[in-house]
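What follows is the content of data-v6.cif (mmCIF, C-alpha atoms).
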```cif
data_structure
loop_
_atom_site.label_atom_id
_atom_site.label_comp_id
_atom_site.auth_asym_id
_atom_site.auth_seq_id
_atom_site.Cartn_x
_atom_site.Cartn_y
_atom_site.Cartn_z
CA MET A 1 9.16 -0.13 -4.62
CA HIS A 2 8.21 1.54 -7.87
CA ILE A 3 10.65 -0.72 -9.67
CA LEU A 4 8.37 -3.71 -9.11
CA ASP A 5 5.12 -1.99 -10.05
CA SER A 6 5.00 -3.90 -13.29
CA VAL A 7 5.26 -7.21 -11.41
CA ASP A 8 2.62 -6.20 -8.90
CA LYS A 9 0.21 -4.96 -11.52
CA ALA A 10 -0.78 -8.50 -12.45
CA SER A 11 -2.02 -9.16 -8.90
CA LEU A 12 -3.78 -5.85 -8.29
CA LYS A 13 -7.55 -5.81 -8.38
CA THR A 14 -9.49 -2.91 -9.77
CA ASP A 15 -12.97 -3.75 -8.51
CA ILE A 16 -12.40 -2.92 -4.83
CA PRO A 17 -15.00 -0.53 -3.43
CA GLU A 18 -13.87 2.44 -1.40
CA PHE A 19 -14.13 1.58 2.26
CA ARG A 20 -12.38 2.50 5.48
CA SER A 21 -12.31 1.48 9.12
CA GLY A 22 -15.70 1.64 10.77
CA ASP A 23 -17.53 0.57 7.66
CA THR A 24 -19.53 -2.62 7.66
CA VAL A 25 -18.65 -4.89 4.75
CA LYS A 26 -19.61 -8.26 3.40
CA VAL A 27 -16.56 -10.18 2.22
CA HIS A 28 -17.41 -12.95 -0.21
CA VAL A 29 -14.75 -15.59 0.38
CA ASN A 30 -14.05 -18.32 -2.12
CA ILE A 31 -13.71 -21.63 -0.32
CA ILE A 32 -12.37 -24.65 -2.19
CA GLU A 33 -13.35 -28.02 -0.75
CA GLY A 34 -11.71 -30.72 -2.81
CA SER A 35 -12.94 -30.11 -6.31
CA ARG A 36 -15.92 -27.95 -5.39
CA SER A 37 -15.77 -24.30 -4.54
CA ARG A 38 -18.38 -22.21 -2.78
CA ILE A 39 -18.74 -18.68 -1.56
CA GLN A 40 -18.92 -17.86 2.12
CA VAL A 41 -19.87 -14.40 3.28
CA PHE A 42 -18.07 -12.85 6.20
CA GLN A 43 -19.84 -9.73 7.41
CA GLY A 44 -18.48 -7.37 10.00
CA ILE A 45 -16.88 -4.07 10.84
CA VAL A 46 -13.56 -3.13 9.26
CA ILE A 47 -11.25 -2.39 12.17
CA ARG A 48 -8.11 -1.63 10.22
CA ARG A 49 -6.56 -1.24 6.84
CA SER A 50 -2.85 -1.66 6.68
CA GLY A 51 -0.10 -1.53 4.11
CA GLU A 52 -0.27 -0.28 0.58
CA GLY A 53 -0.09 -1.56 -2.93
CA VAL A 54 -0.19 -5.30 -3.42
CA ARG A 55 0.55 -5.87 0.26
CA GLU A 56 -2.46 -3.99 1.56
CA SER A 57 -4.70 -5.88 3.96
CA PHE A 58 -7.77 -5.21 6.06
CA THR A 59 -9.29 -6.82 9.13
CA VAL A 60 -12.99 -7.48 9.60
CA ARG A 61 -14.40 -8.10 13.07
CA LYS A 62 -17.70 -9.62 13.92
CA VAL A 63 -19.22 -11.11 17.05
CA SER A 64 -20.70 -14.50 16.48
CA PHE A 65 -22.32 -16.38 19.39
CA GLN A 66 -20.80 -13.89 21.83
CA VAL A 67 -17.33 -14.66 20.55
CA GLY A 68 -15.41 -12.00 18.71
CA VAL A 69 -14.06 -13.23 15.37
CA GLU A 70 -11.54 -11.30 13.33
CA ARG A 71 -10.33 -12.18 9.88
CA THR A 72 -7.54 -10.42 8.07
CA PHE A 73 -7.53 -10.50 4.29
CA PRO A 74 -4.94 -9.31 1.82
CA ILE A 75 -7.03 -6.88 -0.13
CA HIS A 76 -5.88 -8.18 -3.50
CA SER A 77 -6.16 -11.84 -2.56
CA PRO A 78 -7.85 -14.05 -5.16
CA VAL A 79 -9.61 -15.76 -2.24
CA ILE A 80 -11.90 -12.74 -2.07
CA ASP A 81 -14.62 -13.00 -4.66
CA LYS A 82 -15.93 -9.53 -3.95
CA ILE A 83 -16.27 -6.98 -1.21
CA GLU A 84 -19.69 -5.44 -0.61
CA LEU A 85 -20.09 -2.23 1.34
CA VAL A 86 -23.08 -2.52 3.66
CA SER A 87 -22.91 0.73 5.59
CA ARG A 88 -20.49 3.52 6.39
CA GLY A 89 -19.52 4.13 9.98
CA GLN A 90 -18.84 7.37 11.79
CA VAL A 91 -15.49 6.82 13.48
CA ARG A 92 -12.69 9.11 14.56
CA ARG A 93 -9.69 6.84 14.25
CA ALA A 94 -8.15 4.54 11.69
CA LYS A 95 -7.59 1.51 13.92
CA LEU A 96 -10.61 0.44 15.95
CA TYR A 97 -8.86 -1.89 18.38
CA PHE A 98 -10.94 -0.45 21.23
CA LEU A 99 -13.89 -2.45 19.92
CA ARG A 100 -12.25 -5.59 21.23
CA ASP A 101 -12.83 -4.46 24.80
CA LEU A 102 -16.43 -3.40 24.26
CA ARG A 103 -19.45 -5.58 23.92
CA GLY A 104 -23.15 -5.21 23.31
CA LYS A 105 -24.47 -1.76 22.56
CA LYS A 106 -21.17 -0.07 23.36
CA ALA A 107 -19.50 -1.92 20.51
CA LYS A 108 -21.89 -0.39 18.02
CA ILE A 109 -20.64 2.15 15.53
CA ARG A 110 -22.78 5.12 14.56
CA GLU A 111 -23.72 5.19 10.92
CA LYS A 112 -22.28 8.02 8.89
CA ARG A 113 -24.70 10.66 7.61
CA ASP A 114 -23.37 12.32 4.51
CA ASN A 115 -25.86 15.18 4.24
CA VAL A 116 -25.34 16.70 7.70
CA MET B 1 43.07 -30.52 -12.77
CA SER B 2 39.53 -31.18 -11.81
CA THR B 3 37.02 -32.00 -14.44
CA VAL B 4 33.43 -30.89 -14.11
CA ASN B 5 30.86 -33.44 -15.05
CA ARG B 6 27.90 -31.32 -14.14
CA THR B 7 26.00 -29.21 -16.60
CA VAL B 8 25.45 -25.88 -14.93
CA LYS B 9 23.07 -23.35 -16.31
CA GLY B 10 23.62 -19.90 -14.96
CA LEU B 11 22.81 -16.26 -15.43
CA LEU B 12 24.03 -13.01 -14.00
CA GLY B 13 21.31 -10.70 -12.80
CA LYS B 14 20.35 -7.81 -10.63
CA LYS B 15 18.22 -8.14 -7.52
CA LEU B 16 15.30 -5.77 -7.89
CA GLY B 17 13.58 -6.47 -4.60
CA MET B 18 10.85 -8.54 -3.06
CA THR B 19 7.12 -8.59 -3.50
CA GLN B 20 4.32 -11.12 -3.34
CA VAL B 21 2.28 -12.99 -5.87
CA TRP B 22 -0.47 -15.59 -5.66
CA ASP B 23 -0.20 -19.06 -7.11
CA GLU B 24 -2.92 -21.16 -8.74
CA ASN B 25 -4.04 -22.47 -5.31
CA ASN B 26 -4.57 -18.89 -4.12
CA LYS B 27 -1.59 -19.18 -1.82
CA MET B 28 0.49 -16.09 -1.32
CA ILE B 29 4.09 -16.59 -2.41
CA PRO B 30 6.87 -14.23 -1.31
CA VAL B 31 9.13 -13.72 -4.31
CA THR B 32 12.38 -11.97 -5.05
CA VAL B 33 12.50 -10.43 -8.49
CA VAL B 34 15.81 -10.76 -10.33
CA GLU B 35 16.41 -8.97 -13.60
CA ALA B 36 18.55 -11.37 -15.63
CA GLY B 37 17.83 -10.65 -19.25
CA SER B 38 20.37 -10.46 -22.06
CA ASN B 39 23.37 -12.32 -20.75
CA VAL B 40 25.83 -12.75 -23.57
CA VAL B 41 28.44 -15.47 -24.05
CA THR B 42 31.86 -13.89 -24.50
CA GLN B 43 34.15 -16.89 -24.41
CA ILE B 44 34.07 -20.68 -24.44
CA LYS B 45 36.83 -22.40 -22.51
CA ASN B 46 37.73 -25.92 -23.49
CA LEU B 47 39.99 -28.68 -22.27
CA GLU B 48 42.65 -28.31 -24.97
CA THR B 49 43.46 -24.63 -24.58
CA ASP B 50 42.31 -23.86 -21.05
CA GLY B 51 42.42 -27.19 -19.24
CA TYR B 52 38.80 -26.99 -18.21
CA THR B 53 35.43 -26.34 -19.77
CA ALA B 54 33.50 -23.21 -18.96
CA VAL B 55 31.40 -20.49 -20.45
CA GLN B 56 32.16 -16.86 -19.85
CA VAL B 57 29.07 -14.67 -19.71
CA ALA B 58 28.69 -10.91 -19.50
CA TYR B 59 25.82 -8.86 -18.23
CA GLY B 60 24.79 -5.27 -17.54
CA ALA B 61 24.90 -1.97 -19.34
CA ILE B 62 28.05 0.13 -19.13
CA GLU B 63 29.46 3.15 -20.88
CA PRO B 64 32.17 1.75 -23.21
CA ARG B 65 34.83 4.22 -22.01
CA LYS B 66 34.50 2.88 -18.46
CA VAL B 67 35.46 -0.68 -19.42
CA ASN B 68 38.99 -1.48 -18.32
CA LYS B 69 41.53 -2.60 -20.90
CA PRO B 70 41.64 -6.33 -20.05
CA ASP B 71 37.85 -6.62 -20.12
CA ALA B 72 37.57 -4.52 -23.26
CA GLY B 73 39.88 -6.98 -24.99
CA GLN B 74 37.52 -9.81 -24.13
CA PHE B 75 34.60 -7.94 -25.63
CA VAL B 76 36.51 -7.03 -28.77
CA LYS B 77 37.55 -10.65 -29.27
CA ALA B 78 33.98 -11.83 -28.87
CA SER B 79 32.80 -8.85 -30.95
CA VAL B 80 29.96 -8.03 -28.57
CA ALA B 81 29.04 -4.70 -26.97
CA PRO B 82 30.81 -4.20 -23.62
CA ARG B 83 28.95 -5.23 -20.46
CA ARG B 84 29.52 -4.32 -16.84
CA TYR B 85 30.07 -7.75 -15.34
CA LEU B 86 31.88 -10.87 -16.50
CA ALA B 87 31.55 -14.27 -14.91
CA GLU B 88 32.52 -17.82 -15.70
CA ILE B 89 30.22 -20.82 -15.47
CA ARG B 90 32.03 -24.15 -15.07
CA THR B 91 29.94 -26.57 -17.03
CA SER B 92 30.64 -29.73 -18.99
CA ASP B 93 28.42 -28.75 -21.91
CA ALA B 94 30.34 -25.57 -22.67
CA ASP B 95 30.71 -26.44 -26.35
CA SER B 96 26.93 -26.32 -26.80
CA TYR B 97 27.18 -22.55 -26.42
CA SER B 98 28.53 -20.19 -29.05
CA VAL B 99 30.35 -16.90 -28.63
CA GLY B 100 28.01 -13.95 -28.97
CA GLN B 101 24.99 -16.04 -28.08
CA GLU B 102 22.39 -14.25 -25.97
CA ILE B 103 21.06 -16.28 -23.06
CA GLY B 104 18.00 -15.21 -21.16
CA VAL B 105 15.68 -16.29 -18.42
CA GLU B 106 14.25 -19.12 -20.51
CA VAL B 107 17.28 -21.31 -19.68
CA PHE B 108 15.55 -22.11 -16.39
CA GLU B 109 12.43 -24.22 -16.16
CA VAL B 110 9.59 -22.74 -14.15
CA GLY B 111 9.22 -24.73 -10.96
CA SER B 112 12.83 -25.90 -10.91
CA MET B 113 15.20 -25.33 -8.03
CA LEU B 114 17.83 -22.62 -8.21
CA ASP B 115 20.82 -21.46 -6.20
CA VAL B 116 21.52 -17.77 -5.89
CA VAL B 117 25.00 -16.45 -5.16
CA GLY B 118 25.29 -12.89 -3.96
CA THR B 119 27.05 -10.55 -1.58
CA SER B 120 25.25 -10.07 1.70
CA LYS B 121 24.33 -6.65 3.06
CA GLY B 122 27.11 -5.01 5.06
CA LYS B 123 26.36 -4.67 8.76
CA GLY B 124 29.44 -2.66 9.70
CA PHE B 125 31.29 -3.38 12.94
CA ALA B 126 28.96 -5.76 14.72
CA GLY B 127 29.15 -7.22 18.19
CA HIS B 128 29.49 -10.94 18.79
CA MET B 129 25.77 -11.32 19.60
CA LYS B 130 24.71 -10.15 16.18
CA ARG B 131 27.73 -11.53 14.34
CA HIS B 132 28.03 -14.98 15.87
CA GLY B 133 24.74 -15.49 17.68
CA PHE B 134 26.22 -15.48 21.19
CA HIS B 135 23.66 -15.18 23.93
CA GLY B 136 25.30 -12.37 25.88
CA VAL B 137 24.98 -12.06 29.61
CA GLY B 138 21.82 -12.08 31.74
CA ALA B 139 19.58 -9.07 31.81
CA SER B 140 19.02 -9.08 35.54
CA HIS B 141 20.34 -10.75 38.73
CA GLY B 142 22.62 -7.82 39.50
CA GLN B 143 24.41 -7.69 36.16
CA HIS B 144 26.17 -4.38 35.74
CA ARG B 145 26.97 -3.04 32.25
CA ASN B 146 27.55 -6.61 31.27
CA HIS B 147 24.61 -7.50 29.09
CA ARG B 148 26.13 -7.82 25.62
CA LYS B 149 29.62 -8.99 26.59
CA PRO B 150 31.00 -12.25 25.15
CA GLY B 151 32.15 -13.75 28.44
CA SER B 152 35.42 -15.66 28.48
CA ILE B 153 37.58 -15.68 25.37
CA GLY B 154 40.05 -18.27 26.65
CA ALA B 155 42.09 -19.57 29.56
CA THR B 156 44.77 -17.69 31.51
CA SER B 157 48.55 -18.20 31.55
CA THR B 158 48.20 -21.49 29.65
CA PRO B 159 48.09 -20.70 26.73
CA GLY B 160 48.54 -17.06 27.73
CA ARG B 161 47.03 -15.78 24.53
CA VAL B 162 43.76 -15.72 22.66
CA PHE B 163 43.50 -18.47 20.07
CA LYS B 164 43.35 -17.46 16.46
CA GLY B 165 39.90 -17.61 15.00
CA THR B 166 38.13 -16.95 18.32
CA ARG B 167 34.76 -15.49 17.43
CA MET B 168 34.64 -11.88 18.44
CA ALA B 169 33.16 -8.58 17.31
CA GLY B 170 34.17 -7.22 13.93
CA ARG B 171 33.11 -6.41 10.43
CA MET B 172 29.99 -8.30 9.46
CA GLY B 173 28.28 -8.78 6.13
CA THR B 174 29.50 -8.09 2.61
CA ASP B 175 30.32 -11.80 2.37
CA ARG B 176 29.74 -14.08 -0.57
CA VAL B 177 26.60 -15.97 0.34
CA THR B 178 24.90 -18.78 -1.55
CA THR B 179 21.27 -19.54 -0.91
CA LEU B 180 20.51 -23.10 -2.01
CA ASN B 181 17.37 -24.65 -3.45
CA LEU B 182 15.04 -21.78 -4.11
CA LYS B 183 12.06 -22.51 -6.30
CA LEU B 184 11.65 -20.59 -9.50
CA HIS B 185 8.08 -19.42 -9.24
CA SER B 186 7.71 -17.88 -12.68
CA VAL B 187 9.59 -15.99 -15.35
CA ASP B 188 8.77 -12.93 -17.39
CA ALA B 189 10.65 -13.61 -20.59
CA GLU B 190 9.68 -10.28 -22.14
CA LYS B 191 11.22 -8.19 -19.38
CA GLY B 192 13.85 -10.79 -18.47
CA LEU B 193 12.61 -11.23 -14.90
CA LEU B 194 12.98 -14.26 -12.64
CA LEU B 195 10.51 -14.54 -9.78
CA ILE B 196 12.25 -16.68 -7.20
CA LYS B 197 10.42 -17.85 -4.12
CA GLY B 198 12.05 -16.66 -0.93
CA ALA B 199 14.81 -14.25 -0.05
CA ILE B 200 18.22 -13.97 -1.68
CA PRO B 201 21.39 -12.37 -0.32
CA GLY B 202 22.25 -8.73 -0.74
CA PRO B 203 20.66 -5.33 -1.12
CA LYS B 204 18.47 -4.24 -3.99
CA GLY B 205 20.44 -3.47 -7.11
CA GLN B 206 23.06 -6.05 -6.19
CA LEU B 207 24.66 -8.30 -8.80
CA VAL B 208 23.66 -11.91 -8.21
CA PHE B 209 24.52 -15.14 -9.95
CA VAL B 210 21.63 -17.54 -10.47
CA ARG B 211 22.28 -21.18 -11.35
CA ASN B 212 20.37 -24.42 -11.28
CA ALA B 213 20.53 -26.13 -7.90
CA VAL B 214 23.63 -28.23 -7.29
CA LYS B 215 22.22 -30.18 -4.37
CA GLY B 216 19.05 -32.22 -4.25
CA ALA B 217 16.07 -30.85 -2.42
#
```
Rewritten as C-alpha cells:
Amino acid sequence: MHILDSVDKASLKTDIPEFRSGDTVKVHVNIIEGSRSRIQVFQGIVIRRSGEGVRESFTVRKVSFQVGVERTFPIHSPVIDKIELVSRGQVRRAKLYFLRDLRGKKAKIREKRDNV
Amino acid sequence: MSTVNRTVKGLLGKKLGMTQVWDENNKMIPVTVVEAGSNVVTQIKNLETDGYTAVQVAYGAIEPRKVNKPDAGQFVKASVAPRRYLAEIRTSDADSYSVGQEIGVEVFEVGSMLDVVGTSKGKGFAGHMKRHGFHGVGASHGQHRNHRKPGSIGATSTPGRVFKGTRMAGRMGTDRVTTLNLKLHSVDAEKGLLLIKGAIPGPKGQLVFVRNAVKGA
C-alpha cells in the first residue's frame, strides 16, 4: 500500500495520543445539527484497535444506564475533534471482548502503575 | 459507417489501488486511485481520410527499443516520445485536439460521472457456482459428494447433446469489464491522480481506460 501513502497523507492526523486497549479515553466527537455543530464527549475503555494507516480504527466501550454501549471510530476521522487519555489500564490482551460478558466490579480494569 | 455524435473525453491510466478519504461532510468515501497523467495525442482521425472521427492517445513509460515497429511508426509520425499503450477515443470533437498535445486529469470535472474500462482479475478455472452464480446442491438431507454440482445440463435423447452456450465451469476473469457511472471524487493534477469513488475492474497496476459516463445516472 506504500504506493498510496501520498494520497493517505492528507487524511492522516498527527495529534493522536498514544493509547492502547485497556486505556480509558475521552473522545470528543463533533456533531453537526443543521448549521450548528457541538462537541459530545464519549468516555470509555478502549477494547480494540484495528487496522493500520489511514484505515485504523478503535472501539470504545462504556456502560450507560446498565446498557453497554460501544462506538467504533476511524482513528483519523474528522468527526473526532480530539482524543484525551484519561488513564492507562493494566491488561494482558489486545482485544478486550471478554468485558462484554462481565458487569459491575468484574468489568473494571486495573490501572497501570509505571513505577513498579 | 456509423457516425459518433457524442463527445467523449477519455484517458488511459493505471490502477494504483484503493484507499479512503473523507469528504466535506465528514463522510468516509472509498476511492480507487488511478494514475492518468501525461496522455499524449498521437493521431487525429477524421471523416475524409479515415471515415470516422477519433483521437488516438498514448500513455505509459517504455524503453524505446521495446516498441514494436508499427507502433514506433505512429510515434515517429506524431514526433512524440514512445509510450507503452495506444488507444483510440471515438469522439465527434476530434478536431479540437492537436497531435502532440498532452492531456491530463483536468479534462474531467470533479464530481462528474465516469466510466472505467478495465480487464478483470483472472480467477483461473472456476466452478459454475463462482462463475455463474448457480446455487449448487443442498448441504444436508443425505446429499453425498454433491454439494457444488450444477445439476442437470439438459434433457436426454432429445436433443441428445448439450446445447452450446450452456453455463458450465471454465476459465473465469480476465474479461473486459466496464464499470458505469462512478463519481470522480477529486483529482490531484500535480501527480496526475484521479480519485474515483468505488471499485474498478482489475488488479493493481492494470491499464484502465477512464471516460466520461455514457449513460445517465
**Request:** Please identify all polymer residues within 8 Å of Asp81 of chain A, counting only C-alpha atoms, omitting same-chain residues fewer than 2 positions from it, and present them as an MDAnalysis selection string.
**Result:** chainID A and resid 27:30 39 78:79 83
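Every protein or nucleic acid residue with an atom no more than 8 Å from Lys123 of chain B, counting all atoms listed in the file and leaving out same-chain residues fewer than 2 positions away, appears here: B:Lys121, B:Phe125, B:Ala126, B:Arg171, B:Met172, B:Gly173, B:Thr174.
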**Prompt:** Once the PyMOL selection byres ((chain B) within 12 of (chain A)) has been applied to the shown file, what residues remain in the selection, as a ChimeraX atom specification?
**Reply:** /B:15-35,186-188,190-195,204-205
Any chance you could work out the axis-aligned box around segment 44-49 of chain B, listed atoms only, 3 Å on each side, giving centre and edge lengths in Å to one decimal, as JSON?
```
{"center_x": 38.8, "center_y": -24.7, "center_z": -23.6, "size_x": 15.4, "size_y": 14.0, "size_z": 8.7}
```
**Prompt:** What's the 10 Å shell around Thr178 of chain B, counting all atoms listed in the file, without same-chain residues fewer than 3 positions away, as an MDAnalysis selection string?
**Reply:** chainID B and resid 115:120 175 181 200:201 208:210
**Message:** Can you translate the PyMOL selection byres ((chain A and resi 87-92) around 7) into the concrete residues it hits in this file, as JSON, numbers by chain?
**Reply:** {"A": [22, 23, 24, 85, 86, 93, 109, 110, 111, 112]}
Selected residues, C-alpha atoms, written as a compact mmCIF listing (two decimals), in the coordinates of the input, please.
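Writing the result to part_33.txt gives the following:
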```
# COMPACT_ATOMS: atom_id res chain seq x y z
CA GLY A 22 -15.70 1.64 10.77
CA ASP A 23 -17.53 0.57 7.66
CA THR A 24 -19.53 -2.62 7.66
CA LEU A 85 -20.09 -2.23 1.34
CA VAL A 86 -23.08 -2.52 3.66
CA ARG A 93 -9.69 6.84 14.25
CA ILE A 109 -20.64 2.15 15.53
CA ARG A 110 -22.78 5.12 14.56
CA GLU A 111 -23.72 5.19 10.92
CA LYS A 112 -22.28 8.02 8.89
```
**Prompt:** What is the atom CA of Ala87 of chain B-atom CA of Asp71 of chain B distance in Å, reported with one decimal?
**Reply:** 11.2 Å
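Our summary of the geometry notes that atom CA of Ile103 of chain B is positioned 7.5 Å from atom CA of Gly37 of chain B.
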**Prompt:** How many Å lie between atom CA of Pro150 of chain B and atom CA of Thr166 of chain B, rounded to one decimal?
**Reply:** 10.9 Å
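The result of the PyMOL selection byres ((chain B and resi 43) around 10) on the shown file is B:Val40, B:Val41, B:Thr42, B:Ile44, B:Lys45, B:Asn46, B:Ala54, B:Val55, B:Gln56, B:Val57, B:Ala58, B:Gln74, B:Phe75, B:Lys77, B:Ala78, B:Glu88, B:Ala94, B:Tyr97, B:Ser98, B:Val99, B:Gly100, B:Gln101.
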